[in-house]
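Just protein.cif here, mmCIF, C-alpha atoms and all ligand atoms:
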```
data_target
#
loop_
_atom_site.label_atom_id
_atom_site.label_comp_id
_atom_site.auth_asym_id
_atom_site.auth_seq_id
_atom_site.Cartn_x
_atom_site.Cartn_y
_atom_site.Cartn_z
CA ASP A 1 -130.15 41.42 -182.15
CA SER A 2 -132.43 38.63 -180.87
CA VAL A 3 -131.64 36.99 -177.55
CA PHE A 4 -132.42 33.78 -179.40
CA SER A 5 -130.01 34.25 -182.29
CA HIS A 6 -127.92 31.32 -181.04
CA VAL A 7 -130.88 28.92 -181.53
CA VAL A 8 -130.04 26.47 -184.25
CA ARG A 9 -132.67 25.13 -186.60
CA ALA A 10 -133.89 21.69 -185.51
CA PRO A 11 -134.20 19.00 -188.18
CA GLU A 12 -137.72 18.52 -189.51
CA ASP A 13 -139.66 15.50 -188.31
CA PRO A 14 -139.53 13.15 -191.30
CA ILE A 15 -142.88 11.55 -190.55
CA LEU A 16 -145.38 14.20 -189.52
CA GLY A 17 -147.33 15.69 -192.38
CA GLU A 18 -147.56 12.43 -194.31
CA GLY A 19 -150.77 11.31 -196.02
CA LYS A 20 -154.37 12.41 -195.69
CA PRO A 21 -156.34 9.90 -193.64
CA LEU A 22 -160.09 9.99 -194.20
CA VAL A 23 -162.73 10.46 -191.54
CA LEU A 24 -164.75 7.35 -190.70
CA ASN A 25 -168.50 7.55 -191.34
CA VAL A 26 -169.24 6.42 -187.82
CA VAL A 27 -167.07 9.25 -186.49
CA ARG A 28 -168.96 11.82 -188.60
CA LYS A 29 -172.21 10.41 -187.23
CA ALA A 30 -171.02 10.60 -183.62
CA GLU A 31 -169.86 14.19 -184.15
CA GLN A 32 -173.26 15.12 -185.58
CA MET A 33 -174.97 13.66 -182.53
CA LEU A 34 -172.66 15.60 -180.24
CA VAL A 35 -173.28 18.87 -182.10
CA ASN A 36 -177.05 18.36 -181.93
CA ASP A 37 -177.00 17.71 -178.19
CA ARG A 38 -177.69 21.17 -176.78
CA SER A 39 -177.14 19.97 -173.23
CA ARG A 40 -173.43 19.53 -173.90
CA VAL A 41 -171.20 22.20 -172.45
CA LYS A 42 -167.49 23.01 -172.73
CA GLU A 43 -166.79 22.57 -169.04
CA TYR A 44 -163.40 21.16 -168.05
CA LEU A 45 -163.21 17.40 -167.73
CA PRO A 46 -161.90 15.99 -164.46
CA ILE A 47 -158.10 15.54 -164.34
CA VAL A 48 -158.50 11.85 -165.25
CA GLY A 49 -160.76 12.67 -168.20
CA LEU A 50 -164.18 11.44 -169.27
CA ALA A 51 -165.36 8.62 -166.98
CA ASP A 52 -167.35 6.77 -169.69
CA PHE A 53 -164.45 6.97 -172.09
CA ASN A 54 -162.07 5.49 -169.52
CA LYS A 55 -164.37 2.63 -168.61
CA LEU A 56 -165.09 1.77 -172.25
CA SER A 57 -161.42 2.02 -173.23
CA ALA A 58 -160.45 -0.47 -170.53
CA LYS A 59 -163.19 -2.83 -171.72
CA LEU A 60 -162.01 -2.51 -175.29
CA ILE A 61 -158.40 -3.40 -174.56
CA PHE A 62 -158.80 -5.95 -171.72
CA GLY A 63 -162.04 -7.54 -172.92
CA ALA A 64 -165.63 -7.12 -171.76
CA ASP A 65 -165.35 -9.98 -169.25
CA SER A 66 -161.93 -9.12 -167.87
CA PRO A 67 -161.62 -10.22 -164.21
CA ALA A 68 -159.13 -7.38 -163.59
CA ILE A 69 -161.84 -4.84 -164.50
CA ARG A 70 -164.50 -6.68 -162.52
CA GLU A 71 -162.24 -6.69 -159.47
CA ASN A 72 -161.59 -2.92 -159.85
CA ARG A 73 -157.87 -3.57 -160.18
CA VAL A 74 -157.54 -1.35 -163.25
CA THR A 75 -157.19 2.40 -163.25
CA THR A 76 -157.62 4.17 -166.57
CA VAL A 77 -156.89 7.84 -167.19
CA GLN A 78 -157.53 9.75 -170.40
CA CYS A 79 -154.36 11.26 -171.90
CA LEU A 80 -153.17 13.04 -175.04
CA SER A 81 -153.32 10.12 -177.47
CA GLY A 82 -150.71 7.35 -177.38
CA THR A 83 -147.78 9.72 -176.94
CA GLY A 84 -149.27 11.45 -173.90
CA SER A 85 -150.27 8.13 -172.34
CA LEU A 86 -146.70 6.82 -172.66
CA ARG A 87 -145.37 10.03 -171.15
CA VAL A 88 -147.74 10.05 -168.16
CA GLY A 89 -146.99 6.36 -167.53
CA GLY A 90 -143.26 7.02 -167.84
CA GLU A 91 -143.33 9.90 -165.36
CA PHE A 92 -145.38 7.92 -162.86
CA LEU A 93 -142.82 5.09 -163.04
CA ALA A 94 -139.89 7.48 -162.67
CA ARG A 95 -141.49 8.85 -159.48
CA HIS A 96 -142.84 5.70 -157.86
CA TYR A 97 -141.24 2.54 -159.24
CA HIS A 98 -138.11 0.98 -157.77
CA GLN A 99 -136.46 0.38 -161.19
CA ARG A 100 -135.72 3.34 -163.46
CA THR A 101 -134.58 1.35 -166.49
CA ILE A 102 -136.88 0.74 -169.43
CA TYR A 103 -135.94 -1.67 -172.22
CA ILE A 104 -137.29 -0.78 -175.66
CA PRO A 105 -137.04 -2.90 -178.81
CA GLN A 106 -134.30 -2.30 -181.37
CA PRO A 107 -135.57 -0.75 -183.62
CA THR A 108 -138.70 0.99 -182.36
CA TRP A 109 -140.87 4.04 -183.02
CA GLY A 110 -138.45 7.00 -183.00
CA ASN A 111 -140.35 8.87 -180.30
CA HIS A 112 -140.06 6.10 -177.68
CA PRO A 113 -136.49 6.82 -176.47
CA LYS A 114 -137.21 10.55 -176.26
CA ILE A 115 -140.50 10.14 -174.38
CA PHE A 116 -139.01 7.85 -171.77
CA THR A 117 -135.77 9.76 -171.35
CA LEU A 118 -137.71 12.96 -170.73
CA SER A 119 -139.96 11.04 -168.33
CA GLY A 120 -136.89 10.50 -166.19
CA LEU A 121 -136.24 6.86 -167.07
CA SER A 122 -133.02 5.39 -168.33
CA VAL A 123 -133.49 3.77 -171.75
CA LYS A 124 -131.83 0.55 -172.88
CA THR A 125 -132.63 -1.66 -175.85
CA TYR A 126 -133.32 -5.34 -176.45
CA ARG A 127 -132.74 -7.11 -179.75
CA TYR A 128 -135.91 -7.45 -181.80
CA TYR A 129 -135.45 -7.50 -185.54
CA ASP A 130 -133.25 -9.82 -187.58
CA PRO A 131 -132.24 -8.21 -190.89
CA ALA A 132 -131.17 -11.60 -192.27
CA THR A 133 -134.66 -13.12 -192.03
CA ARG A 134 -136.53 -9.82 -192.01
CA GLY A 135 -138.35 -11.38 -189.07
CA LEU A 136 -138.17 -11.54 -185.29
CA ASN A 137 -134.82 -12.12 -183.57
CA PHE A 138 -136.55 -14.21 -180.94
CA ARG A 139 -133.38 -15.69 -179.49
CA GLY A 140 -131.76 -12.25 -179.15
CA LEU A 141 -134.91 -10.90 -177.54
CA MET A 142 -135.05 -13.70 -174.97
CA GLU A 143 -131.32 -13.39 -174.21
CA ASP A 144 -131.53 -9.64 -173.68
CA LEU A 145 -134.64 -9.77 -171.49
CA GLY A 146 -133.10 -12.74 -169.69
CA SER A 147 -130.06 -10.67 -168.74
CA ALA A 148 -132.02 -7.50 -167.86
CA PRO A 149 -131.93 -6.61 -164.15
CA SER A 150 -134.84 -7.95 -162.13
CA GLY A 151 -137.77 -5.53 -162.05
CA ALA A 152 -136.76 -3.59 -165.18
CA ILE A 153 -139.58 -2.08 -167.25
CA VAL A 154 -140.03 -3.54 -170.76
CA LEU A 155 -141.81 -1.70 -173.54
CA LEU A 156 -143.75 -4.07 -175.80
CA HIS A 157 -145.69 -3.19 -178.96
CA ALA A 158 -149.06 -4.89 -178.43
CA CYS A 159 -149.36 -5.61 -182.18
CA ALA A 160 -148.15 -4.36 -185.56
CA HIS A 161 -144.68 -3.43 -184.34
CA ASN A 162 -143.58 -0.06 -185.72
CA PRO A 163 -141.40 0.18 -187.84
CA THR A 164 -140.83 -3.52 -188.65
CA GLY A 165 -144.35 -4.96 -188.94
CA VAL A 166 -142.92 -8.04 -187.21
CA ASP A 167 -144.80 -9.48 -184.21
CA PRO A 168 -144.09 -12.49 -181.98
CA THR A 169 -146.37 -15.50 -182.49
CA LEU A 170 -148.75 -16.40 -179.65
CA GLN A 171 -146.37 -19.19 -178.58
CA GLN A 172 -143.51 -16.70 -178.49
CA TRP A 173 -145.63 -14.22 -176.53
CA GLU A 174 -146.26 -16.97 -174.00
CA GLN A 175 -142.53 -17.60 -173.64
CA ILE A 176 -141.89 -13.87 -173.28
CA ARG A 177 -144.60 -13.67 -170.63
CA GLN A 178 -143.14 -16.56 -168.63
CA LEU A 179 -139.64 -15.13 -168.78
CA MET A 180 -140.79 -11.65 -167.79
CA ARG A 181 -142.93 -12.84 -164.91
CA SER A 182 -140.15 -15.11 -163.63
CA LYS A 183 -137.81 -12.10 -163.48
CA ALA A 184 -140.48 -9.65 -162.28
CA LEU A 185 -139.95 -7.50 -165.39
CA LEU A 186 -142.75 -4.93 -165.65
CA PRO A 187 -144.59 -4.92 -169.01
CA PHE A 188 -145.49 -1.54 -170.52
CA PHE A 189 -147.61 -2.15 -173.63
CA ASP A 190 -147.89 0.40 -176.39
CA SER A 191 -151.17 -0.25 -178.22
CA ALA A 192 -151.36 2.14 -181.16
CA TYR A 193 -152.95 -0.23 -183.70
CA GLN A 194 -155.67 -2.30 -182.01
CA GLY A 195 -157.92 -3.65 -184.78
CA PHE A 196 -155.87 -1.96 -187.45
CA ALA A 197 -153.42 -4.86 -187.74
CA SER A 198 -155.57 -7.97 -188.17
CA GLY A 199 -158.92 -6.24 -188.63
CA ASN A 200 -160.10 -7.77 -185.35
CA LEU A 201 -160.02 -5.86 -182.06
CA ASP A 202 -159.77 -8.96 -179.86
CA ILE A 203 -157.04 -10.65 -181.85
CA ASP A 204 -154.89 -7.51 -181.74
CA ALA A 205 -155.27 -7.34 -177.95
CA GLN A 206 -154.29 -10.98 -177.30
CA SER A 207 -150.73 -10.23 -176.23
CA ILE A 208 -151.92 -7.81 -173.53
CA ARG A 209 -154.71 -10.10 -172.36
CA MET A 210 -152.23 -12.97 -171.85
CA PHE A 211 -150.28 -10.80 -169.42
CA VAL A 212 -153.40 -9.61 -167.62
CA ALA A 213 -154.81 -13.14 -167.34
CA ASP A 214 -151.93 -14.26 -165.11
CA GLY A 215 -152.98 -11.77 -162.44
CA GLY A 216 -149.77 -9.76 -162.70
CA GLU A 217 -149.38 -6.02 -163.11
CA CYS A 218 -148.85 -4.06 -166.30
CA PHE A 219 -149.13 -0.66 -168.02
CA VAL A 220 -151.00 -0.06 -171.28
CA ALA A 221 -150.96 3.07 -173.45
CA GLN A 222 -153.87 3.16 -175.92
CA SER A 223 -154.23 5.41 -178.95
CA TYR A 224 -157.34 6.00 -181.08
CA ALA A 225 -155.34 7.84 -183.76
CA LYS A 226 -155.24 4.95 -186.23
CA ASN A 227 -158.14 2.67 -185.37
CA MET A 228 -160.71 5.50 -185.24
CA GLY A 229 -158.79 7.83 -187.51
CA LEU A 230 -158.80 10.45 -184.74
CA TYR A 231 -155.16 11.51 -185.24
CA GLY A 232 -155.48 15.23 -184.54
CA GLU A 233 -158.07 14.86 -181.77
CA ARG A 234 -155.31 13.46 -179.53
CA VAL A 235 -157.39 10.86 -177.77
CA GLY A 236 -155.90 7.99 -175.82
CA ALA A 237 -155.72 6.37 -172.42
CA LEU A 238 -153.26 4.99 -169.92
CA SER A 239 -154.36 1.94 -167.95
CA VAL A 240 -152.50 0.46 -165.01
CA VAL A 241 -153.48 -3.06 -164.00
CA CYS A 242 -152.68 -3.60 -160.32
CA ARG A 243 -152.77 -6.52 -157.88
CA THR A 244 -155.56 -5.06 -155.79
CA ALA A 245 -158.31 -2.42 -156.01
CA ASP A 246 -156.70 -0.53 -153.18
CA VAL A 247 -153.36 -0.22 -154.99
CA ALA A 248 -155.18 0.80 -158.18
CA SER A 249 -156.95 3.65 -156.46
CA ARG A 250 -153.74 4.93 -154.88
CA VAL A 251 -151.95 4.71 -158.23
CA GLU A 252 -154.78 6.74 -159.81
CA SER A 253 -154.41 9.44 -157.16
CA GLN A 254 -150.73 9.76 -158.10
CA LEU A 255 -151.42 9.73 -161.85
CA LYS A 256 -153.49 12.86 -161.26
CA LEU A 257 -150.45 14.54 -159.74
CA VAL A 258 -148.52 13.75 -162.92
CA THR A 259 -151.23 15.07 -165.24
CA ARG A 260 -152.17 18.23 -163.35
CA PRO A 261 -148.95 20.21 -163.91
CA MET A 262 -148.45 18.69 -167.40
CA PHE A 263 -151.76 19.62 -169.10
CA SER A 264 -154.28 20.01 -166.23
CA ASN A 265 -156.97 17.88 -167.84
CA PRO A 266 -157.52 16.26 -171.24
CA PRO A 267 -159.64 17.60 -174.14
CA ILE A 268 -163.33 16.73 -174.31
CA HIS A 269 -164.22 16.37 -177.98
CA GLY A 270 -162.30 13.29 -179.12
CA ALA A 271 -163.08 11.35 -175.97
CA SER A 272 -166.78 12.14 -176.43
CA ILE A 273 -166.66 10.77 -179.98
CA VAL A 274 -165.03 7.56 -178.79
CA ALA A 275 -167.46 7.12 -175.88
CA THR A 276 -170.47 7.77 -178.16
CA ILE A 277 -169.32 5.03 -180.52
CA LEU A 278 -168.23 2.49 -177.94
CA LYS A 279 -171.38 2.64 -175.84
CA ASP A 280 -173.88 2.22 -178.67
CA ARG A 281 -174.10 -1.31 -180.03
CA ASN A 282 -175.01 -0.27 -183.58
CA MET A 283 -172.32 2.38 -183.82
CA TYR A 284 -169.79 -0.01 -182.34
CA ASN A 285 -170.64 -2.60 -185.00
CA GLU A 286 -170.43 0.01 -187.72
CA TRP A 287 -166.99 0.99 -186.44
CA THR A 288 -165.71 -2.60 -186.48
CA ILE A 289 -166.83 -2.94 -190.10
CA GLU A 290 -165.05 0.26 -191.16
CA LEU A 291 -161.99 -0.75 -189.16
CA LYS A 292 -161.84 -4.15 -190.81
CA ALA A 293 -162.13 -2.50 -194.22
CA MET A 294 -159.09 -0.32 -193.45
CA ALA A 295 -157.09 -3.32 -192.25
CA ASP A 296 -158.16 -5.47 -195.20
CA ARG A 297 -157.17 -2.76 -197.64
CA ILE A 298 -153.66 -2.72 -196.23
CA ILE A 299 -153.44 -6.51 -196.29
CA SER A 300 -154.49 -6.51 -199.94
CA MET A 301 -151.91 -3.81 -200.78
CA ARG A 302 -149.25 -6.13 -199.34
CA LYS A 303 -150.47 -8.92 -201.59
CA GLU A 304 -150.53 -6.66 -204.66
CA LEU A 305 -147.02 -5.38 -204.04
CA PHE A 306 -145.70 -8.90 -203.44
CA ASP A 307 -147.37 -10.16 -206.64
CA ALA A 308 -146.06 -7.20 -208.64
CA LEU A 309 -142.47 -7.93 -207.56
CA ARG A 310 -142.86 -11.60 -208.38
CA ALA A 311 -144.28 -10.72 -211.79
CA ARG A 312 -141.20 -8.58 -212.47
CA GLY A 313 -138.87 -11.36 -211.35
CA THR A 314 -137.30 -8.99 -208.84
CA PRO A 315 -134.37 -10.80 -207.23
CA GLY A 316 -134.70 -11.71 -203.55
CA ASP A 317 -137.29 -13.18 -201.23
CA TRP A 318 -140.09 -10.65 -200.73
CA SER A 319 -142.39 -12.87 -198.69
CA HIS A 320 -141.80 -10.66 -195.64
CA ILE A 321 -144.07 -8.11 -197.34
CA ILE A 322 -147.05 -10.42 -196.84
CA LYS A 323 -145.83 -11.85 -193.52
CA GLN A 324 -145.45 -8.49 -191.82
CA ILE A 325 -148.51 -6.90 -190.27
CA GLY A 326 -149.97 -3.43 -189.79
CA MET A 327 -149.44 -0.12 -191.43
CA PHE A 328 -145.75 -0.47 -192.23
CA THR A 329 -143.53 -2.69 -194.29
CA PHE A 330 -139.88 -2.91 -193.43
CA THR A 331 -138.67 -3.60 -196.95
CA GLY A 332 -135.06 -4.41 -196.16
CA LEU A 333 -133.99 -1.80 -198.75
CA ASN A 334 -130.84 0.00 -197.66
CA LYS A 335 -130.15 3.75 -197.45
CA GLU A 336 -128.62 3.91 -200.93
CA GLN A 337 -131.54 2.03 -202.49
CA VAL A 338 -134.01 4.32 -200.71
CA ALA A 339 -132.13 7.40 -201.94
CA PHE A 340 -132.11 5.98 -205.49
CA MET A 341 -135.88 5.46 -205.40
CA THR A 342 -136.44 9.00 -204.16
CA ARG A 343 -134.11 10.47 -206.80
CA GLU A 344 -135.23 8.43 -209.80
CA TYR A 345 -138.85 7.57 -208.97
CA HIS A 346 -139.92 10.30 -206.52
CA ILE A 347 -140.89 7.69 -203.97
CA TYR A 348 -140.56 8.81 -200.37
CA MET A 349 -140.02 6.55 -197.38
CA THR A 350 -137.95 6.69 -194.20
CA SER A 351 -134.26 6.00 -194.80
CA ASP A 352 -134.51 2.70 -192.89
CA GLY A 353 -136.60 1.39 -195.80
CA ARG A 354 -139.97 1.61 -194.10
CA ILE A 355 -142.99 2.02 -196.40
CA SER A 356 -146.38 3.18 -195.16
CA MET A 357 -148.80 0.69 -196.75
CA ALA A 358 -151.71 3.01 -195.92
CA GLY A 359 -150.32 5.44 -198.50
CA LEU A 360 -150.45 2.86 -201.31
CA SER A 361 -153.24 2.15 -203.79
CA SER A 362 -153.71 -0.31 -206.66
CA LYS A 363 -152.84 2.60 -208.94
CA THR A 364 -149.46 3.30 -207.32
CA VAL A 365 -148.31 -0.28 -206.62
CA PRO A 366 -146.88 -0.84 -210.16
CA HIS A 367 -144.77 2.34 -209.94
CA LEU A 368 -143.43 1.28 -206.53
CA ALA A 369 -142.68 -2.22 -207.80
CA ASP A 370 -140.80 -0.75 -210.80
CA ALA A 371 -138.76 1.40 -208.45
CA ILE A 372 -137.91 -1.45 -206.06
CA HIS A 373 -137.01 -3.63 -209.01
CA ALA A 374 -134.69 -0.96 -210.43
CA ALA A 375 -133.17 -0.28 -207.01
CA VAL A 376 -132.15 -3.90 -206.39
CA THR A 377 -131.05 -4.90 -209.89
N1 LIG A 401 -146.78 4.21 -180.55
C1 LIG A 401 -146.50 3.81 -181.78
C2 LIG A 401 -145.79 2.51 -181.97
C3 LIG A 401 -146.87 4.60 -182.86
O1 LIG A 401 -146.58 4.17 -184.10
C4 LIG A 401 -147.54 5.80 -182.65
C5 LIG A 401 -147.95 6.69 -183.77
N2 LIG A 401 -147.22 6.69 -184.90
C6 LIG A 401 -147.82 6.17 -181.32
C7 LIG A 401 -147.42 5.34 -180.30
C8 LIG A 401 -148.50 7.41 -180.86
O2 LIG A 401 -149.31 8.07 -181.69
P1 LIG A 401 -150.37 9.13 -181.14
O3 LIG A 401 -149.69 9.93 -180.10
O4 LIG A 401 -150.71 9.92 -182.34
O5 LIG A 401 -151.50 8.34 -180.60
#
```
So that I can check it, write out the structure of this file as structure tokens.
Amino acid sequence: DSVFSHVVRAPEDPILGEGKPLVLNVVRKAEQMLVNDRSRVKEYLPIVGLADFNKLSAKLIFGADSPAIRENRVTTVQCLSGTGSLRVGGEFLARHYHQRTIYIPQPTWGNHPKIFTLSGLSVKTYRYYDPATRGLNFRGLMEDLGSAPSGAIVLLHACAHNPTGVDPTLQQWEQIRQLMRSKALLPFFDSAYQGFASGNLDIDAQSIRMFVADGGECFVAQSYAKNMGLYGERVGALSVVCRTADVASRVESQLKLVTRPMFSNPPIHGASIVATILKDRNMYNEWTIELKAMADRIISMRKELFDALRARGTPGDWSHIIKQIGMFTFTGLNKEQVAFMTREYHIYMTSDGRISMAGLSSKTVPHLADAIHAAVT
């Protein structure tokens, strides 16, 4: 008999294994260049990862002319995609920050509470989504952050909030920033969709840049899974913006102590692809064009689905489909409606009614619209 016979089967992750994202041309090109470069070796990277990659990643998220970068107040360490960056940041905070509570939006990406709990933080939620308007519950958000204890950590989705597709406006971001700074709440940005939401890298980084521009401190976890299509390469970065260069360098020394026993040092291939693209002006431009095409395709799928529902006279206001942003649409369909669509139309989505727009095409929109129509009538 096995000593593990008591182990119960864990439920399958409902999301992993979805879709088949294509490889960007500019990524293929960068890989070819890397393969042809005979001087490249498979030596370990330093604990903090590839230096070029870190510098370029900070520039990408904070802006080329960011004073925080110029003043050496930013430390950036390469981690295992967005997930690993959140985890390293979480563990650093659990070891060195005076407040162990992190507030995450309700709802949020399902991995967030698990990552931060295992990091050693205590997880609480703030109101975010309003089912009645299928938009932001701004008042609830401000109330909950307003009553959070001073110094608490707050997780913010930089853009294209997952799973709702609902983001604050710039005016709302400014109010959030003022409230958070007045209460010394520490912002921890999760940036998994830079450029993928609006099609523009700078626009999708605006929320973060507002917080950095005030001179205050913040954490940012970056992922290249979506915007470079590097999902399985596990390439991302954690940046910590500090008050002074001296603090930043001490923080970096401690980040190394988090990484070393967790995975020693990060993988070389994906970071080399990213650095190759970001440091060459032509390849960078090519990337932005491919990125915009991906974002535009999703935006046009939203429009097609919205039009298809209108054409069918489907009851209800579906304008949230075109108002929401990013990869996902939070349809507002309930569990029973989702189950009906799976049973009768073989359409699969998470039970909270979230559709991945990236998985839609002009060919499949009519079938989806038929199914939604049947589910709500
Ligand atoms: N944050 C959010 C909000 C996400 O949606 C995802 C991916 N689905 C991630 C982080 C992390 O993804 P990865 O680890 O693949 O970069």
Contacts of ligand LIG 401 (chain A), 10 Å or closer, only C-alpha atoms and all ligand atoms, given as a compact mmCIF listing (two decimals) with C-alpha atoms, in the coordinates of the input:
```
# COMPACT_ATOMS: atom_id res chain seq x y z
CA ILE A 15 -142.88 11.55 -190.55
CA LEU A 16 -145.38 14.20 -189.52
CA CYS A 79 -154.36 11.26 -171.90
CA LEU A 80 -153.17 13.04 -175.04
CA SER A 81 -153.32 10.12 -177.47
CA GLY A 82 -150.71 7.35 -177.38
CA THR A 83 -147.78 9.72 -176.94
CA GLY A 84 -149.27 11.45 -173.90
CA SER A 85 -150.27 8.13 -172.34
CA LEU A 86 -146.70 6.82 -172.66
CA ARG A 87 -145.37 10.03 -171.15
CA THR A 108 -138.70 0.99 -182.36
CA TRP A 109 -140.87 4.04 -183.02
CA GLY A 110 -138.45 7.00 -183.00
CA ASN A 111 -140.35 8.87 -180.30
CA HIS A 112 -140.06 6.10 -177.68
CA LEU A 156 -143.75 -4.07 -175.80
CA HIS A 157 -145.69 -3.19 -178.96
CA ALA A 158 -149.06 -4.89 -178.43
CA CYS A 159 -149.36 -5.61 -182.18
CA ALA A 160 -148.15 -4.36 -185.56
CA HIS A 161 -144.68 -3.43 -184.34
CA ASN A 162 -143.58 -0.06 -185.72
CA PRO A 163 -141.40 0.18 -187.84
CA PHE A 189 -147.61 -2.15 -173.63
CA ASP A 190 -147.89 0.40 -176.39
CA SER A 191 -151.17 -0.25 -178.22
CA ALA A 192 -151.36 2.14 -181.16
CA TYR A 193 -152.95 -0.23 -183.70
CA ALA A 221 -150.96 3.07 -173.45
CA GLN A 222 -153.87 3.16 -175.92
CA SER A 223 -154.23 5.41 -178.95
CA TYR A 224 -157.34 6.00 -181.08
CA ALA A 225 -155.34 7.84 -183.76
CA LYS A 226 -155.24 4.95 -186.23
CA ASN A 227 -158.14 2.67 -185.37
CA GLY A 229 -158.79 7.83 -187.51
CA LEU A 230 -158.80 10.45 -184.74
CA TYR A 231 -155.16 11.51 -185.24
CA GLY A 232 -155.48 15.23 -184.54
CA GLU A 233 -158.07 14.86 -181.77
CA ARG A 234 -155.31 13.46 -179.53
CA VAL A 235 -157.39 10.86 -177.77
CA GLY A 236 -155.90 7.99 -175.82
CA ALA A 237 -155.72 6.37 -172.42
CA MET A 327 -149.44 -0.12 -191.43
CA PHE A 328 -145.75 -0.47 -192.23
```
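Among the candidates A:Lys29, A:Ile115, A:Ser2, A:Gln254, the one nearest to Asp280 in chain A when counting only C-alpha atoms is A:Lys29.
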query: Closest to Met283 in chain A among A:Met33, A:Ala213, A:Ile321, A:Leu50, using only C-alpha atoms?
result: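 Smallest distance to Met283 in chain A is found for A:Met33.
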task: Choose the residue, out of A:Ala184, A:Ala311, A:Val166, A:Ala358, that has the smallest atom-to-atom separation from Ile299 in chain A; count all atoms listed in the file.
output: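 Checking each candidate against Ile299 in chain A, we get A:Ala358 as the closest.
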message: The residues within 12 Å of (-159.0, -5.7, -178.7), using all atoms listed in the file and the coordinates of the file, should be reported as a ChimeraX atom specification; which are they?
response: /A:56-64,66,158-159,191-209,222,227,288,291
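Between CA of Arg310 in chain A and CA of Tyr348 in chain A there is a distance of 22.0 Å.
Residues surrounding Gly216 in chain A within 8 Å are Arg181, Val241, Cys242 and Arg243 of chain A [only C-alpha atoms; sequence separation below 6 positions excluded].
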task: Please work out which residues fall within 12 Å of (-172.2, 1.4, -179.6), coordinates as given in the file, with only C-alpha atoms counting, and return them as a list in words.
output: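 Those within range, by chain then number, are Val26, Val27, Lys29, Ala30, Leu56, Leu60, Ile273, Val274, Ala275, Thr276, Ile277, Leu278, Lys279, Asp280, Arg281, Asn282, Met283, Tyr284, Asn285, Glu286, Trp287 and Thr288 of chain A.
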Around all the atoms of range 82-98 of chain A listed in the file, with 3 Å of room on each side, what axis-aligned box do you get, giving centre and edge lengths in Å to one decimal, as AutoDock Vina command-line options?
```
--center_x -144.4 --center_y 6.2 --center_z -167.6 --size_x 18.6 --size_y 16.5 --size_z 25.6
```
message: One decimal, in Å: what's the spacing between CA of Leu136 in chain A and CA of Trp173 in chain A?
response: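 Computed distance, CA of Leu136 in chain A to CA of Trp173 in chain A, equals 11.8 Å.
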- request: Have a look at CA of Gln324 in chain A and CA of Ser356 in chain A and let me know their distance in Å, one decimal.
  value: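 Computed distance, CA of Gln324 in chain A to CA of Ser356 in chain A, equals 12.2 Å.
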For Val365 in chain A, work out the shell of residues within 12 Å, counting only C-alpha atoms and skipping chain neighbours fewer than 6 positions away, then give it as a PDB file with C-alpha atoms, keeping the file's coordinate frame.
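Ended up saving to out-v2.pdb:
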```pdb
ATOM      1  CA  ILE A 298    -153.660  -2.720-196.230  1.00  0.00           C
ATOM      2  CA  SER A 300    -154.490  -6.510-199.940  1.00  0.00           C
ATOM      3  CA  MET A 301    -151.910  -3.810-200.780  1.00  0.00           C
ATOM      4  CA  ARG A 302    -149.250  -6.130-199.340  1.00  0.00           C
ATOM      5  CA  LYS A 303    -150.470  -8.920-201.590  1.00  0.00           C
ATOM      6  CA  GLU A 304    -150.530  -6.660-204.660  1.00  0.00           C
ATOM      7  CA  LEU A 305    -147.020  -5.380-204.040  1.00  0.00           C
ATOM      8  CA  PHE A 306    -145.700  -8.900-203.440  1.00  0.00           C
ATOM      9  CA  ASP A 307    -147.370 -10.160-206.640  1.00  0.00           C
ATOM     10  CA  ALA A 308    -146.060  -7.200-208.640  1.00  0.00           C
ATOM     11  CA  LEU A 309    -142.470  -7.930-207.560  1.00  0.00           C
ATOM     12  CA  ILE A 347    -140.890   7.690-203.970  1.00  0.00           C
ATOM     13  CA  ILE A 355    -142.990   2.020-196.400  1.00  0.00           C
ATOM     14  CA  MET A 357    -148.800   0.690-196.750  1.00  0.00           C
ATOM     15  CA  ALA A 358    -151.710   3.010-195.920  1.00  0.00           C
ATOM     16  CA  GLY A 359    -150.320   5.440-198.500  1.00  0.00           C
ATOM     17  CA  ALA A 371    -138.760   1.400-208.450  1.00  0.00           C
ATOM     18  CA  ILE A 372    -137.910  -1.450-206.060  1.00  0.00           C
TER      19      ILE A 372
END
```
query: If we count only C-alpha atoms, what is near Glu174 in chain A at a cut-off of 8 Å, once residues fewer than 4 positions away on the same chain are taken out, given as a VMD selection string?
result: chain A and resid 170 178 210
Within 12 Å of His98 in chain A using all atoms listed in the file, minus same-chain residues under 4 positions, as a ChimeraX atom specification: /A:92-94,102,121,149-153,184-186
Can I get the selected residues back with C-alpha atoms, as a compact mmCIF listing (two decimals), keeping the file's coordinate frame?
```txt
# COMPACT_ATOMS: atom_id res chain seq x y z
CA PHE A 92 -145.38 7.92 -162.86
CA LEU A 93 -142.82 5.09 -163.04
CA ALA A 94 -139.89 7.48 -162.67
CA ILE A 102 -136.88 0.74 -169.43
CA LEU A 121 -136.24 6.86 -167.07
CA PRO A 149 -131.93 -6.61 -164.15
CA SER A 150 -134.84 -7.95 -162.13
CA GLY A 151 -137.77 -5.53 -162.05
CA ALA A 152 -136.76 -3.59 -165.18
CA ILE A 153 -139.58 -2.08 -167.25
CA ALA A 184 -140.48 -9.65 -162.28
CA LEU A 185 -139.95 -7.50 -165.39
CA LEU A 186 -142.75 -4.93 -165.65
```
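Restricting the calculation to all atoms listed in the file, the smallest distance between Val77 in chain A and any of A:Leu22, A:Ala271, A:Val154, A:Leu34 is found for A:Ala271.
Proximity ranking of A:Lys335, A:Lys42, A:Arg139, A:His269 relative to Arg127 in chain A places A:Arg139 first, based on only C-alpha atoms.
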